[in-house]
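These notes are about the structure you will find just below.
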Amino acid sequence: MVECNSLEEVRTEIDKLDTKLVELISQRSRFVRKAASFKDTIDDVKADDRIEYIMQTVRHKAIELNLSPNMISELFTIMIDEMVELEISEFSNTETF
């Protein structure tokens, strides 16, 4: 962790982390789009078991890191809901009849 000696330095570090978070979410999104090509149905895309696994994993990691598991759950719920919609769109565009 970077040692900060002023509010400005703290904010600079937060801004760097925010940029990294957005970049990581973008990378995740690209993998989600790619995952659509390996699925056969919309139910495969929705993957309720996978979502449950992710939610349990991130909640446990939040607890381990002394973060609110509820906050992490809310963030991931929003992200996953949006990415499932993205994946459904990607799946629908590549589906052959």
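By order in the structure tokens, chains are A, B, ...; within a chain, residues start at 1; ligands start at 1, following the order shown.
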
Ile54 (chain A): which residues within 12 Å, counting only C-alpha atoms, same-chain residues fewer than 2 positions away excluded, as a compact mmCIF listing (two decimals) with N, CA and C atoms, in the first residue's frame?
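Produced file selection-v5.txt, reproduced below:
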# COMPACT_ATOMS: atom_id res chain seq x y z
N ALA A 47 -26.93 -19.32 -16.60
CA ALA A 47 -26.03 -20.08 -15.71
C ALA A 47 -26.22 -19.76 -14.22
N ASP A 48 -27.41 -20.02 -13.72
CA ASP A 48 -27.73 -19.71 -12.32
C ASP A 48 -26.75 -20.33 -11.33
N ASP A 49 -26.30 -21.56 -11.59
CA ASP A 49 -25.34 -22.21 -10.69
C ASP A 49 -24.02 -21.45 -10.66
N ARG A 50 -23.59 -20.99 -11.82
CA ARG A 50 -22.34 -20.23 -11.91
C ARG A 50 -22.45 -18.91 -11.16
N ILE A 51 -23.59 -18.24 -11.32
CA ILE A 51 -23.80 -16.97 -10.63
C ILE A 51 -23.79 -17.19 -9.12
N GLU A 52 -24.43 -18.22 -8.66
CA GLU A 52 -24.45 -18.52 -7.23
C GLU A 52 -23.02 -18.78 -6.72
N GLN A 56 -21.11 -16.47 -3.87
CA GLN A 56 -20.56 -17.03 -2.65
C GLN A 56 -19.06 -16.76 -2.53
N THR A 57 -18.36 -16.92 -3.65
CA THR A 57 -16.91 -16.71 -3.66
C THR A 57 -16.55 -15.27 -3.31
N VAL A 58 -17.23 -14.32 -3.94
CA VAL A 58 -16.87 -12.91 -3.68
C VAL A 58 -17.30 -12.47 -2.28
N ARG A 59 -18.40 -13.03 -1.77
CA ARG A 59 -18.80 -12.70 -0.40
C ARG A 59 -17.75 -13.20 0.60
N HIS A 60 -17.27 -14.43 0.39
CA HIS A 60 -16.25 -14.97 1.28
C HIS A 60 -14.96 -14.16 1.18
N LYS A 61 -14.60 -13.76 -0.02
CA LYS A 61 -13.38 -12.96 -0.20
C LYS A 61 -13.55 -11.60 0.48
N ILE A 72 -20.33 -5.87 -1.55
CA ILE A 72 -19.75 -6.63 -2.66
C ILE A 72 -20.85 -7.38 -3.41
N SER A 73 -21.80 -7.95 -2.68
CA SER A 73 -22.91 -8.64 -3.34
C SER A 73 -23.71 -7.70 -4.23
N PHE A 76 -21.62 -6.85 -7.36
CA PHE A 76 -21.56 -7.98 -8.29
C PHE A 76 -22.92 -8.30 -8.89
N THR A 77 -23.98 -8.12 -8.14
CA THR A 77 -25.31 -8.35 -8.69
C THR A 77 -25.56 -7.41 -9.87
N MET A 79 -23.27 -5.87 -11.72
CA MET A 79 -22.35 -6.20 -12.80
C MET A 79 -22.79 -7.47 -13.53
N ILE A 80 -23.12 -8.50 -12.78
CA ILE A 80 -23.51 -9.77 -13.39
C ILE A 80 -24.81 -9.62 -14.17

Just give me the gap between CA of Asn93 (chain A) and CA of Asp81 (chain A) in Å, one decimal is fine.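 Pair CA of Asn93 (chain A) / CA of Asp81 (chain A) returns 18.6 Å.
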
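CA of Gln27 (chain A) is found 21.2 Å from CA of Glu13 (chain A).
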
For region 31-43 of chain A, find every residue with an atom within 10 Å (counting only C-alpha atoms), except residues of its own chain fewer than 4 positions away, and show them as an MDAnalysis selection string. chainID A and resid 25:27 47:48 80 83:84 86:95

Restricted to C-alpha atoms, what would the selected residues look like written as an mmCIF file, in the first residue's frame?
data_model
loop_
_atom_site.group_PDB
_atom_site.id
_atom_site.type_symbol
_atom_site.label_atom_id
_atom_site.label_comp_id
_atom_site.auth_asym_id
_atom_site.auth_seq_id
_atom_site.Cartn_x
_atom_site.Cartn_y
_atom_site.Cartn_z
ATOM 1 C CA ILE A 25 -14.414 -4.871 -15.604
ATOM 2 C CA SER A 26 -13.736 -4.279 -19.289
ATOM 3 C CA GLN A 27 -11.551 -7.394 -19.410
ATOM 4 C CA ALA A 47 -26.033 -20.080 -15.713
ATOM 5 C CA ASP A 48 -27.729 -19.707 -12.324
ATOM 6 C CA ILE A 80 -23.507 -9.772 -13.394
ATOM 7 C CA MET A 83 -23.151 -8.840 -18.238
ATOM 8 C CA VAL A 84 -25.763 -11.583 -18.550
ATOM 9 C CA LEU A 86 -24.615 -8.504 -22.749
ATOM 10 C CA GLU A 87 -23.952 -12.205 -23.120
ATOM 11 C CA ILE A 88 -27.552 -12.890 -24.160
ATOM 12 C CA SER A 89 -27.186 -10.217 -26.836
ATOM 13 C CA GLU A 90 -23.894 -11.703 -27.983
ATOM 14 C CA PHE A 91 -25.383 -15.211 -27.967
ATOM 15 C CA SER A 92 -28.431 -14.073 -29.948
ATOM 16 C CA ASN A 93 -26.236 -12.428 -32.579
ATOM 17 C CA THR A 94 -24.135 -15.562 -33.114
ATOM 18 C CA GLU A 95 -26.922 -18.119 -32.931
#

Check the DSSP output for the backbone and give back, as number ranges by chain, the residues of chain A in alpha helix (DSSP H). A: 7-36, 42-46, 48-64, 69-94
